[in-house]
$ cat upload.cif   # mmCIF, C-alpha atoms
data_model
#
loop_
_atom_site.label_atom_id
_atom_site.label_comp_id
_atom_site.auth_asym_id
_atom_site.auth_seq_id
_atom_site.Cartn_x
_atom_site.Cartn_y
_atom_site.Cartn_z
CA MET H 1 0.00 0.00 0.00
CA SER H 2 2.23 2.79 -1.21
CA ALA H 3 1.56 6.45 -0.73
CA ARG H 4 0.95 6.64 -4.43
CA ARG H 5 -1.78 4.05 -4.34
CA ARG H 6 -3.44 5.85 -1.46
CA LEU H 7 -3.30 9.15 -3.34
CA ALA H 8 -4.93 7.50 -6.31
CA GLY H 9 -7.64 6.17 -4.00
CA ALA H 10 -8.32 9.62 -2.60
CA LEU H 11 -8.44 11.10 -6.08
CA GLY H 12 -10.85 8.36 -7.05
CA VAL H 13 -13.25 9.51 -4.36
CA LEU H 14 -12.93 13.06 -5.67
CA VAL H 15 -13.57 11.94 -9.21
CA ASP H 16 -16.67 10.13 -8.03
CA LEU H 17 -17.93 13.45 -6.70
CA ILE H 18 -17.91 15.03 -10.14
CA ASP H 19 -21.41 15.80 -11.37
CA THR H 20 -23.07 14.92 -8.10
CA ARG H 21 -25.02 17.25 -5.87
CA LEU H 22 -22.91 16.25 -2.89
CA GLY H 23 -19.79 17.33 -4.71
CA LEU H 24 -21.24 20.74 -5.51
CA ILE H 25 -22.49 21.14 -1.96
CA LEU H 26 -19.04 20.45 -0.53
CA LEU H 27 -17.44 22.73 -3.07
CA HIS H 28 -19.78 25.65 -2.50
CA GLY H 29 -19.35 25.27 1.23
CA ALA H 30 -15.61 25.50 0.86
CA LEU H 31 -15.87 28.45 -1.51
CA ASN H 32 -18.09 30.52 0.75
CA VAL H 33 -16.59 29.80 4.12
CA SER H 34 -14.11 32.68 3.96
CA LEU H 35 -16.62 35.40 3.17
CA VAL H 36 -19.13 33.94 5.59
CA ALA H 37 -16.52 34.03 8.36
CA TRP H 38 -15.68 37.63 7.42
CA MET H 39 -19.33 38.64 7.65
CA LEU H 40 -20.16 36.74 10.82
CA ARG H 41 -17.12 38.20 12.57
CA GLY H 42 -18.58 41.67 12.16
CA PHE H 43 -22.01 40.63 13.37
CA PHE H 44 -20.69 38.86 16.45
CA GLN H 45 -18.49 41.82 17.24
CA ASP H 46 -21.58 44.01 17.35
CA VAL H 47 -22.85 42.03 20.32
CA PRO H 48 -21.59 43.75 23.47
CA GLU H 49 -19.07 41.64 25.31
CA GLU H 50 -20.58 42.72 28.63
CA LEU H 51 -23.68 40.64 27.97
CA GLU H 52 -21.65 37.49 27.66
CA ASP H 53 -19.66 38.47 30.75
CA ALA H 54 -22.92 38.90 32.65
CA ALA H 55 -24.08 35.46 31.62
CA ARG H 56 -20.78 34.00 32.72
CA VAL H 57 -21.10 35.73 36.10
CA ASP H 58 -24.55 34.21 36.44
CA GLY H 59 -22.96 30.81 36.16
CA ALA H 60 -23.39 29.92 32.51
CA THR H 61 -20.65 27.95 30.84
CA ARG H 62 -18.89 29.52 27.89
CA LEU H 63 -20.86 27.37 25.50
CA ARG H 64 -24.15 28.17 27.16
CA ALA H 65 -23.38 31.89 27.23
CA PHE H 66 -22.66 31.69 23.53
CA PHE H 67 -25.77 29.76 22.58
CA GLN H 68 -28.22 31.54 24.86
CA VAL H 69 -26.92 35.10 24.80
CA THR H 70 -24.55 35.86 21.95
CA LEU H 71 -26.07 33.73 19.22
CA PRO H 72 -29.67 34.96 19.63
CA LEU H 73 -28.45 38.57 19.57
CA ALA H 74 -26.42 37.96 16.44
CA SER H 75 -29.16 35.96 14.76
CA PRO H 76 -30.27 38.72 12.33
CA GLY H 77 -26.70 38.81 11.14
CA VAL H 78 -26.57 35.06 10.88
CA ALA H 79 -29.75 35.18 8.81
CA ALA H 80 -28.27 37.79 6.48
CA THR H 81 -25.15 35.71 6.13
CA THR H 82 -27.29 32.71 5.27
CA VAL H 83 -28.94 34.70 2.50
CA PHE H 84 -25.53 35.73 1.27
CA ALA H 85 -24.25 32.17 1.14
CA LEU H 86 -27.45 31.13 -0.60
CA LEU H 87 -27.00 33.90 -3.15
CA ALA H 88 -23.38 33.01 -3.80
CA SER H 89 -24.14 29.33 -4.22
CA TRP H 90 -27.24 29.93 -6.33
CA ASN H 91 -25.43 32.24 -8.72
CA GLU H 92 -22.19 30.30 -8.89
CA PHE H 93 -21.33 29.52 -12.49
CA LEU H 94 -17.72 28.49 -13.02
CA PHE H 95 -17.65 25.37 -10.90
CA ALA H 96 -21.18 24.44 -11.81
CA THR H 97 -20.36 24.37 -15.52
CA MET H 98 -17.01 22.72 -15.09
CA LEU H 99 -17.84 20.02 -12.57
CA ALA H 100 -21.57 19.46 -12.85
CA SER H 101 -22.55 19.63 -16.47
CA GLY H 102 -24.78 16.58 -16.43
CA SER H 103 -27.28 15.36 -13.87
CA ALA H 104 -26.31 17.88 -11.17
CA ARG H 105 -26.44 20.91 -13.44
CA THR H 106 -27.47 24.11 -11.68
CA ALA H 107 -29.72 26.82 -13.08
CA PRO H 108 -27.00 29.28 -14.21
CA ALA H 109 -25.17 26.49 -15.99
CA SER H 110 -28.40 25.46 -17.70
CA ILE H 111 -29.10 28.99 -18.84
CA ALA H 112 -25.71 29.25 -20.46
CA GLN H 113 -26.51 26.16 -22.47
CA PHE H 114 -29.18 28.04 -24.40
CA VAL H 115 -26.26 29.76 -26.11
CA THR H 116 -25.40 27.16 -28.71
CA PHE H 117 -22.98 27.23 -31.60
CA ARG H 118 -25.74 27.67 -34.12
CA ALA H 119 -27.91 30.23 -32.43
CA VAL H 120 -28.94 31.73 -29.13
CA VAL H 121 -32.35 30.54 -28.04
CA TRP H 122 -33.40 33.91 -26.72
CA GLY H 123 -37.01 33.05 -25.85
CA LYS H 124 -36.32 30.09 -23.64
CA LEU H 125 -33.23 31.78 -22.30
CA ALA H 126 -35.15 34.83 -21.16
CA ALA H 127 -37.81 32.72 -19.47
CA ALA H 128 -35.22 30.66 -17.66
CA ALA H 129 -33.31 33.77 -16.68
CA VAL H 130 -36.36 35.37 -15.07
CA LEU H 131 -37.30 32.20 -13.25
CA THR H 132 -33.76 31.84 -11.94
CA SER H 133 -33.40 35.41 -10.79
CA LEU H 134 -36.75 36.00 -9.13
CA PRO H 135 -36.58 33.83 -6.00
CA ILE H 136 -33.08 34.87 -5.08
CA ALA H 137 -33.72 38.52 -5.80
CA ALA H 138 -36.71 38.39 -3.46
CA ALA H 139 -34.67 36.76 -0.71
CA VAL H 140 -31.92 39.32 -1.03
CA LEU H 141 -34.30 42.28 -1.08
CA ILE H 142 -35.42 41.31 2.40
CA ALA H 143 -31.92 41.00 3.78
CA GLN H 144 -30.31 43.68 1.62
CA ARG H 145 -29.19 46.30 4.09
CA ARG H 146 -27.83 43.91 6.64
CA LEU H 147 -26.15 41.95 3.88
CA VAL H 148 -24.20 44.92 2.65
CA ARG H 149 -23.41 45.91 6.20
CA GLY H 150 -22.03 42.49 6.86
CA LEU H 151 -19.86 42.54 3.79
CA THR H 152 -18.32 45.85 4.76
CA SER H 153 -18.24 44.75 8.37
CA GLY H 154 -16.36 46.79 10.88
CA ALA H 155 -16.96 49.76 8.66
CA VAL H 156 -20.43 50.58 9.88
CA LYS H 157 -21.65 50.45 13.40
CA GLY H 158 -25.36 50.15 13.98
CA MET R 1 -26.19 42.95 -7.49
CA THR R 2 -28.51 40.07 -6.74
CA LEU R 3 -29.12 38.99 -10.30
CA THR R 4 -27.45 35.82 -11.39
CA PRO R 5 -24.26 36.96 -13.16
CA VAL R 6 -24.99 34.68 -16.09
CA VAL R 7 -28.32 36.42 -16.55
CA VAL R 8 -26.63 39.81 -16.33
CA GLY R 9 -24.10 38.77 -18.92
CA LEU R 10 -26.66 37.42 -21.34
CA SER R 11 -28.88 40.49 -20.98
CA TRP R 12 -25.96 42.73 -21.83
CA ARG R 13 -25.09 40.49 -24.69
CA ILE R 14 -28.44 41.34 -26.25
CA LEU R 15 -28.03 45.02 -25.41
CA PHE R 16 -24.57 45.12 -26.96
CA ASP R 17 -25.53 43.48 -30.23
CA PRO R 18 -24.22 45.95 -32.86
CA ASP R 19 -27.12 45.54 -35.30
CA LEU R 20 -30.10 44.36 -33.31
CA GLY R 21 -29.15 45.56 -29.84
CA PRO R 22 -31.35 48.16 -28.14
CA LEU R 23 -28.28 50.15 -27.14
CA ASN R 24 -27.29 50.98 -30.70
CA ARG R 25 -30.92 51.41 -31.72
CA LEU R 26 -31.25 54.03 -29.02
CA LEU R 27 -28.03 55.75 -30.03
CA GLY R 28 -29.16 55.61 -33.66
CA ALA R 29 -32.43 57.30 -32.72
CA ILE R 30 -30.54 60.34 -31.47
CA GLY R 31 -28.30 60.31 -34.51
CA VAL R 32 -25.20 58.71 -33.03
CA THR R 33 -23.61 55.75 -34.73
CA GLY R 34 -22.82 53.46 -31.84
CA PRO R 35 -19.63 51.43 -31.72
CA ALA R 36 -19.67 47.67 -32.16
CA TRP R 37 -19.27 47.32 -28.38
CA VAL R 38 -18.01 43.85 -27.52
CA ALA R 39 -17.39 42.99 -31.17
CA ASP R 40 -14.77 45.71 -31.45
CA PRO R 41 -11.46 44.95 -29.70
CA ARG R 42 -11.00 48.60 -28.82
CA TRP R 43 -14.40 48.85 -27.15
CA ALA R 44 -14.77 45.37 -25.71
CA LEU R 45 -12.95 45.94 -22.44
CA GLY R 46 -14.71 49.24 -21.85
CA SER R 47 -18.03 47.55 -22.48
CA LEU R 48 -17.26 44.92 -19.88
CA VAL R 49 -16.28 47.62 -17.42
CA LEU R 50 -19.64 49.23 -18.15
CA VAL R 51 -21.43 45.98 -17.33
CA ASP R 52 -19.52 45.58 -14.10
CA VAL R 53 -20.19 49.15 -13.06
CA TRP R 54 -23.86 48.67 -13.85
CA GLN R 55 -23.99 45.46 -11.89
CA TRP R 56 -22.22 46.66 -8.77
CA THR R 57 -23.24 50.29 -8.38
CA PRO R 58 -26.17 49.31 -6.11
CA PHE R 59 -23.82 47.51 -3.78
CA MET R 60 -21.50 50.50 -3.61
CA VAL R 61 -24.43 52.84 -3.01
CA LEU R 62 -25.70 50.71 -0.15
CA ALA R 63 -22.30 50.21 1.43
CA LEU R 64 -21.07 53.76 1.13
CA GLY R 65 -24.51 55.25 1.80
CA ALA R 66 -24.70 53.40 5.09
CA ALA R 67 -21.22 54.62 5.97
CA LEU R 68 -22.06 58.18 4.99
CA SER R 69 -25.08 58.25 7.24
CA GLN R 70 -22.83 57.25 10.14
CA VAL R 71 -20.52 60.25 9.82
CA PRO R 72 -21.51 62.53 12.71
CA ARG R 73 -23.36 65.71 11.72
CA GLU R 74 -21.35 67.75 14.22
CA LEU R 75 -18.17 67.25 12.22
CA TYR R 76 -19.75 69.00 9.24
CA GLU R 77 -21.02 71.82 11.42
CA ALA R 78 -17.60 72.22 12.97
CA ALA R 79 -16.00 72.23 9.54
CA ALA R 80 -18.48 74.84 8.32
CA VAL R 81 -17.83 77.02 11.37
CA ASP R 82 -14.12 76.79 10.73
CA GLY R 83 -14.79 78.08 7.23
CA SER R 84 -13.94 75.01 5.23
CA GLY R 85 -15.10 74.86 1.64
CA ARG R 86 -16.97 72.01 0.04
CA LEU R 87 -13.84 70.35 -1.31
CA GLU R 88 -11.98 70.70 1.96
CA THR R 89 -14.93 69.23 3.84
CA LEU R 90 -15.00 66.30 1.46
CA ARG R 91 -11.28 65.78 1.78
CA HIS R 92 -10.96 66.13 5.53
CA VAL R 93 -14.33 65.10 6.94
CA THR R 94 -16.27 62.87 4.58
CA LEU R 95 -13.49 60.73 3.18
CA PRO R 96 -11.82 59.96 6.53
CA GLY R 97 -15.29 59.25 7.91
CA ILE R 98 -16.07 56.55 5.36
CA ARG R 99 -12.49 55.38 4.90
CA ARG R 100 -13.06 51.96 6.37
CA ALA R 101 -16.20 51.35 4.34
CA LEU R 102 -14.38 52.49 1.20
CA ALA R 103 -11.50 50.18 1.95
CA ALA R 104 -13.76 47.21 2.61
CA ALA R 105 -15.86 47.80 -0.50
CA ALA R 106 -12.86 48.39 -2.74
CA LEU R 107 -11.13 45.30 -1.41
CA LEU R 108 -14.18 43.12 -1.95
CA ARG R 109 -14.70 44.35 -5.48
CA ALA R 110 -11.03 44.13 -6.39
CA VAL R 111 -10.67 40.56 -5.23
CA ASP R 112 -13.96 39.75 -6.91
CA LEU R 113 -12.67 41.13 -10.19
CA PHE R 114 -9.55 39.00 -10.02
CA LYS R 115 -11.86 36.03 -9.85
CA ALA R 116 -14.35 37.45 -12.35
CA PHE R 117 -15.47 34.75 -14.68
CA ASP R 118 -19.17 34.37 -15.39
CA VAL R 119 -19.98 37.74 -16.92
CA LEU R 120 -16.79 37.86 -18.96
CA PHE R 121 -17.29 34.32 -20.14
CA VAL R 122 -20.90 34.81 -21.15
CA VAL R 123 -20.49 38.19 -22.85
CA THR R 124 -17.19 37.88 -24.72
CA GLU R 125 -15.46 34.61 -23.80
CA GLY R 126 -12.30 36.70 -23.69
CA GLY R 127 -12.76 37.81 -27.27
CA PRO R 128 -12.70 39.26 -29.78
CA GLY R 129 -9.37 37.52 -30.09
CA THR R 130 -7.85 37.97 -26.66
CA ALA R 131 -8.95 41.56 -26.18
CA THR R 132 -10.82 40.90 -22.96
CA GLU R 133 -9.06 37.79 -21.79
CA THR R 134 -8.24 38.20 -18.13
CA LEU R 135 -5.75 35.92 -16.45
CA ASN R 136 -8.64 33.99 -15.01
CA LEU R 137 -10.16 33.33 -18.43
CA TYR R 138 -6.75 32.43 -19.79
CA VAL R 139 -6.34 29.80 -17.08
CA PHE R 140 -9.73 28.46 -18.07
CA ARG R 141 -8.74 28.27 -21.74
CA VAL R 142 -5.47 26.51 -20.91
CA MET R 143 -7.38 24.14 -18.68
CA ARG R 144 -9.82 23.37 -21.47
CA ARG R 145 -7.08 22.09 -23.69
CA PHE R 146 -6.07 19.88 -20.74
CA ASP R 147 -2.72 21.52 -20.18
CA ILE R 148 -3.28 20.85 -16.53
CA GLY R 149 0.23 21.53 -15.23
CA TYR R 150 0.42 24.94 -16.88
CA ALA R 151 -3.09 25.78 -15.75
CA ALA R 152 -2.28 24.85 -12.16
CA ALA R 153 0.86 26.99 -12.25
CA LEU R 154 -1.10 29.93 -13.67
CA GLY R 155 -3.78 29.45 -11.07
CA LEU R 156 -1.20 29.60 -8.32
CA CYS R 157 0.28 32.78 -9.82
CA LEU R 158 -3.19 34.28 -9.93
CA LEU R 159 -3.69 33.43 -6.26
CA VAL R 160 -0.36 34.99 -5.28
CA MET R 161 -1.16 38.09 -7.31
CA THR R 162 -4.56 38.42 -5.70
CA VAL R 163 -3.15 38.09 -2.21
CA LEU R 164 -0.32 40.55 -2.88
CA PHE R 165 -2.70 43.01 -4.51
CA SER R 166 -5.16 42.88 -1.64
CA ARG R 167 -2.31 43.38 0.84
CA VAL R 168 -1.12 46.45 -1.04
CA LEU R 169 -4.67 47.74 -1.26
CA GLU R 170 -5.09 47.21 2.45
CA ARG R 171 -1.91 49.20 3.05
CA VAL R 172 -3.01 52.05 0.86
CA LEU R 173 -6.60 52.29 2.02
CA GLY R 174 -6.06 51.10 5.54
CA ASP R 175 -7.04 47.71 6.87
CA PRO R 176 -10.85 47.72 7.05
CA ARG R 177 -10.63 45.70 10.22
CA ALA R 178 -8.00 47.84 11.90
CA ASP R 179 -8.37 50.70 14.35
CA GLU R 180 -11.67 49.66 15.80
CA GLU R 181 -12.25 51.42 19.07
CA PRO R 182 -10.62 49.68 22.00
CA GLY R 183 -12.97 47.57 24.06
CA ARG R 184 -15.05 46.37 21.14
#
$ encode --input "upload.cif" --output "structure tokens"
Amino acid sequence: MSARRRLAGALGVLVDLIDTRLGLILLHGALNVSLVAWMLRGFFQDVPEELEDAARVDGATRLRAFFQVTLPLASPGVAATTVFALLASWNEFLFATMLASGSARTAPASIAQFVTFRAVVWGKLAAAAVLTSLPIAAAVLIAQRRLVRGLTSGAVKG
Amino acid sequence: MTLTPVVVGLSWRILFDPDLGPLNRLLGAIGVTGPAWVADPRWALGSLVLVDVWQWTPFMVLALGAALSQVPRELYEAAAVDGSGRLETLRHVTLPGIRRALAAAALLRAVDLFKAFDVLFVVTEGGPGTATETLNLYVFRVMRRFDIGYAAALGLCLLVMTVLFSRVLERVLGDPRADEEPGR
């Protein structure tokens, strides 16, 4: 069992993930984790530290203070971050076309396929484009302000 | 800002069409012969910049607008009392006040543009020729002819460039995370 064989085995697992939903899910998670961390950091920083200190004084463990005090207070931010991650994953195009062109094809990748070598199928394309954009646009409209605040976190204090 | 970038790209592709596109129709109606937009190598990059500006202006407005509303009124009053003109007020009150938001927004957009793919790919595919081929698109083209080693090397270079660039930008504009008030 050489290192080489093991590497090939690991790569085999990765290859199996191509064109599966699980593969895309893992990938999008990895892609978004940095920006999500950046946003959440700002939101958690907005929660006054004194509140957590107070909970600790009242005998809560660190974990309990986090879950019962800090997390509920930061939950609007967490919600906005969720919308952001949803938006990023929904709109993601590069990896979706490269790694999931068959059975796990996402909406943006499908839309691009209306552009064929012979012609652009504008009618179907436009319909698909509207249907793809509407739900996510609605979700973002709700969370818009907080979303932008999160992205420029530390810059704006509420 | 929230529209799927592929949709944005395809919409602009219709708009940019030299013969049938609404953009040139409109220009023609006021007697201007529009350029060929993305079909003309000299105009293609500018056209893509136009798309990006169109797509991300709302984000900038929201981010900087929020920051602007946080600059204390008193500073402007004080500046006015001290007899500062509009330009001086902008330079010494407004800009320092929104510096961190500016830095954060610029950084986000800059890094995003290094990674820009979907709109460029849908509108021009790097063409005409290689007029709008960014490094990112070039990596993609190399990858598509299965020159994997070269593509991986290019990708790594792109990563290093992005990191270096964002560091420099942070230096110039100030780290958006830095100088928060103590105790926060």
$ closest_residue --input "upload.cif" --among "H:Leu51, H:Phe84, H:Val57, H:Arg105" --to "Pro72 in chain H" --atoms "only C-alpha atoms"
H:Leu51
$ atom_distance --input "upload.cif" --atom1 "CA of Ser75 in chain H" --atom2 "CA of Val33 in chain H"
17.6 Å
$ closest_atom_pairs --input "upload.cif" --of "range 35-89 of chain R" --to "range 94-107 of chain R" --cutoff "8 Å" --atoms "all atoms listed in the file" --output "tab-separated table"
residue	atom	partner	partner_atom	distance
R:Met60	CA	R:Ala105	CA	7.0
R:Ala63	CA	R:Ala101	CA	6.9
R:Leu64	CA	R:Ala101	CA	6.3
R:Ala67	CA	R:Ile98	CA	5.5
R:Leu68	CA	R:Ile98	CA	6.2
R:Val71	CA	R:Gly97	CA	5.7
R:Thr89	CA	R:Thr94	CA	6.5
$ closest_atom_pairs --input "upload.cif" --of "chain R" --to "chain H" --cutoff "8 Å" --atoms "all atoms listed in the file" --output "Markdown table"
| residue | atom | partner | partner_atom | distance |
| --- | --- | --- | --- | --- |
| R:Thr2 | CA | H:Ala137 | CA | 5.5 |
| R:Leu3 | CA | H:Ser133 | CA | 5.6 |
| R:Thr4 | CA | H:Asn91 | CA | 4.9 |
| R:Pro5 | CA | H:Asn91 | CA | 6.6 |
| R:Val6 | CA | H:Pro108 | CA | 6.1 |
| R:Val7 | CA | H:Ala129 | CA | 5.7 |
| R:Phe59 | CA | H:Val148 | CA | 6.9 |
| R:Leu62 | CA | H:Val148 | CA | 6.6 |
| R:Ala63 | CA | H:Val148 | CA | 5.8 |
| R:Ala66 | CA | H:Val156 | CA | 7.0 |
| R:Ala67 | CA | H:Val156 | CA | 5.7 |
| R:Gln70 | CA | H:Val156 | CA | 7.1 |
| R:Ile98 | CA | H:Ala155 | CA | 7.6 |
| R:Arg100 | CA | H:Ala155 | CA | 5.0 |
| R:Ala101 | CA | H:Ala155 | CA | 4.7 |
| R:Ala104 | CA | H:Thr152 | CA | 5.2 |
| R:Ala105 | CA | H:Thr152 | CA | 6.1 |
| R:Phe117 | CA | H:Leu94 | CA | 6.9 |
| R:Asp118 | CA | H:Phe93 | CA | 6.0 |
| R:Val122 | CA | H:Ala112 | CA | 7.4 |
| R:Pro176 | CA | H:Ala155 | CA | 6.6 |
| R:Arg177 | CA | H:Gly154 | CA | 5.9 |
| R:Glu180 | CA | H:Gly154 | CA | 7.4 |
| R:Arg184 | CA | H:Gln45 | CA | 6.9 |
$ resolve_selection --input "upload.cif" --expression "the PyMOL selection byres ((chain H and resi 99-102) around 10)" --output "JSON list (two decimals) with C-alpha atoms, keeping the file's coordinate frame"
[["chain", "number", "residue", "atom", "x", "y", "z"],
["H", 15, "VAL", "CA", -13.57, 11.94, -9.21],
["H", 17, "LEU", "CA", -17.93, 13.45, -6.70],
["H", 18, "ILE", "CA", -17.91, 15.03, -10.14],
["H", 19, "ASP", "CA", -21.41, 15.80, -11.37],
["H", 20, "THR", "CA", -23.07, 14.92, -8.10],
["H", 21, "ARG", "CA", -25.02, 17.25, -5.87],
["H", 23, "GLY", "CA", -19.79, 17.33, -4.71],
["H", 24, "LEU", "CA", -21.24, 20.74, -5.51],
["H", 27, "LEU", "CA", -17.44, 22.73, -3.07],
["H", 94, "LEU", "CA", -17.72, 28.49, -13.02],
["H", 95, "PHE", "CA", -17.65, 25.37, -10.90],
["H", 96, "ALA", "CA", -21.18, 24.44, -11.81],
["H", 97, "THR", "CA", -20.36, 24.37, -15.52],
["H", 98, "MET", "CA", -17.01, 22.72, -15.09],
["H", 103, "SER", "CA", -27.28, 15.36, -13.87],
["H", 104, "ALA", "CA", -26.31, 17.88, -11.17],
["H", 105, "ARG", "CA", -26.44, 20.91, -13.44],
["H", 106, "THR", "CA", -27.47, 24.11, -11.68],
["H", 109, "ALA", "CA", -25.17, 26.49, -15.99],
["H", 110, "SER", "CA", -28.40, 25.46, -17.70],
["H", 113, "GLN", "CA", -26.51, 26.16, -22.47]]
$ atom_distance --input "upload.cif" --atom1 "CA of Val36 in chain H" --atom2 "CA of Val83 in chain H"
10.3 Å
$ closest_residue --input "upload.cif" --among "H:Leu22, H:Met39, H:Leu131, H:Leu31" --to "Ala79 in chain H" --atoms "all atoms listed in the file"
H:Met39
$ closest_residue --input "upload.cif" --among "H:Leu7, H:Ala60, H:Phe43, H:Ala127" --to "Leu73 in chain H" --atoms "only C-alpha atoms"
H:Phe43
$ atom_distance --input "upload.cif" --atom1 "CA of Arg109 in chain R" --atom2 "CA of Leu10 in chain R"
21.0 Å
$ resolve_selection --input "upload.cif" --expression "the PyMOL selection byres ((chain R and resi 130) around 12)" --output "number ranges by chain"
R: 38-42, 44-45, 120, 124-129, 131-135, 137-138, 141
$ resolve_selection --input "upload.cif" --expression "the PyMOL selection byres ((chain R and resi 50) around 12)" --output "PyMOL selection string"
chain R and resi 8-9+12+15-16+37-38+43-49+51-57+119-120
$ decode --input "upload.cif" --residues "range 95-111 of chain H" --atoms "N, CA, C and O atoms" --output "compact mmCIF listing (two decimals), in the first residue's frame"
# COMPACT_ATOMS: atom_id res chain seq x y z
N PHE H 95 -17.79 26.75 -11.34
CA PHE H 95 -17.65 25.37 -10.90
C PHE H 95 -18.83 24.52 -11.33
O PHE H 95 -18.70 23.34 -11.60
N ALA H 96 -19.99 25.19 -11.40
CA ALA H 96 -21.18 24.44 -11.81
C ALA H 96 -21.05 23.96 -13.26
O ALA H 96 -21.42 22.82 -13.57
N THR H 97 -20.50 24.81 -14.13
CA THR H 97 -20.36 24.37 -15.52
C THR H 97 -19.24 23.36 -15.67
O THR H 97 -19.33 22.43 -16.47
N MET H 98 -18.17 23.58 -14.91
CA MET H 98 -17.01 22.72 -15.09
C MET H 98 -17.24 21.33 -14.51
O MET H 98 -16.88 20.32 -15.11
N LEU H 99 -17.82 21.28 -13.32
CA LEU H 99 -17.84 20.02 -12.57
C LEU H 99 -19.21 19.38 -12.48
O LEU H 99 -19.34 18.29 -11.94
N ALA H 100 -20.24 20.06 -12.97
CA ALA H 100 -21.57 19.46 -12.85
C ALA H 100 -22.37 19.75 -14.11
O ALA H 100 -23.41 20.39 -14.08
N SER H 101 -21.87 19.28 -15.22
CA SER H 101 -22.55 19.63 -16.47
C SER H 101 -23.67 18.66 -16.82
O SER H 101 -24.44 18.91 -17.72
N GLY H 102 -23.77 17.56 -16.09
CA GLY H 102 -24.78 16.58 -16.43
C GLY H 102 -25.96 16.59 -15.48
O GLY H 102 -26.74 17.54 -15.46
N SER H 103 -26.07 15.55 -14.67
CA SER H 103 -27.28 15.36 -13.87
C SER H 103 -27.37 16.36 -12.72
O SER H 103 -28.46 16.59 -12.21
N ALA H 104 -26.25 16.94 -12.30
CA ALA H 104 -26.31 17.88 -11.17
C ALA H 104 -26.24 19.33 -11.63
O ALA H 104 -25.86 20.20 -10.88
N ARG H 105 -26.60 19.58 -12.88
CA ARG H 105 -26.44 20.91 -13.44
C ARG H 105 -27.31 21.93 -12.70
O ARG H 105 -28.48 21.70 -12.47
N THR H 106 -26.72 23.07 -12.38
CA THR H 106 -27.47 24.11 -11.68
C THR H 106 -28.10 25.05 -12.70
O THR H 106 -27.80 24.98 -13.89
N ALA H 107 -28.97 25.94 -12.19
CA ALA H 107 -29.72 26.82 -13.08
C ALA H 107 -28.81 27.72 -13.95
O ALA H 107 -29.00 27.77 -15.16
N PRO H 108 -27.83 28.43 -13.35
CA PRO H 108 -27.00 29.28 -14.21
C PRO H 108 -26.30 28.50 -15.32
O PRO H 108 -26.21 28.96 -16.46
N ALA H 109 -25.84 27.31 -14.99
CA ALA H 109 -25.17 26.49 -15.99
C ALA H 109 -26.15 26.09 -17.09
O ALA H 109 -25.80 26.03 -18.27
N SER H 110 -27.39 25.83 -16.70
CA SER H 110 -28.40 25.46 -17.70
C SER H 110 -28.71 26.63 -18.62
O SER H 110 -28.87 26.46 -19.83
N ILE H 111 -28.79 27.82 -18.03
CA ILE H 111 -29.10 28.99 -18.84
C ILE H 111 -28.05 29.18 -19.92
O ILE H 111 -28.36 29.44 -21.08
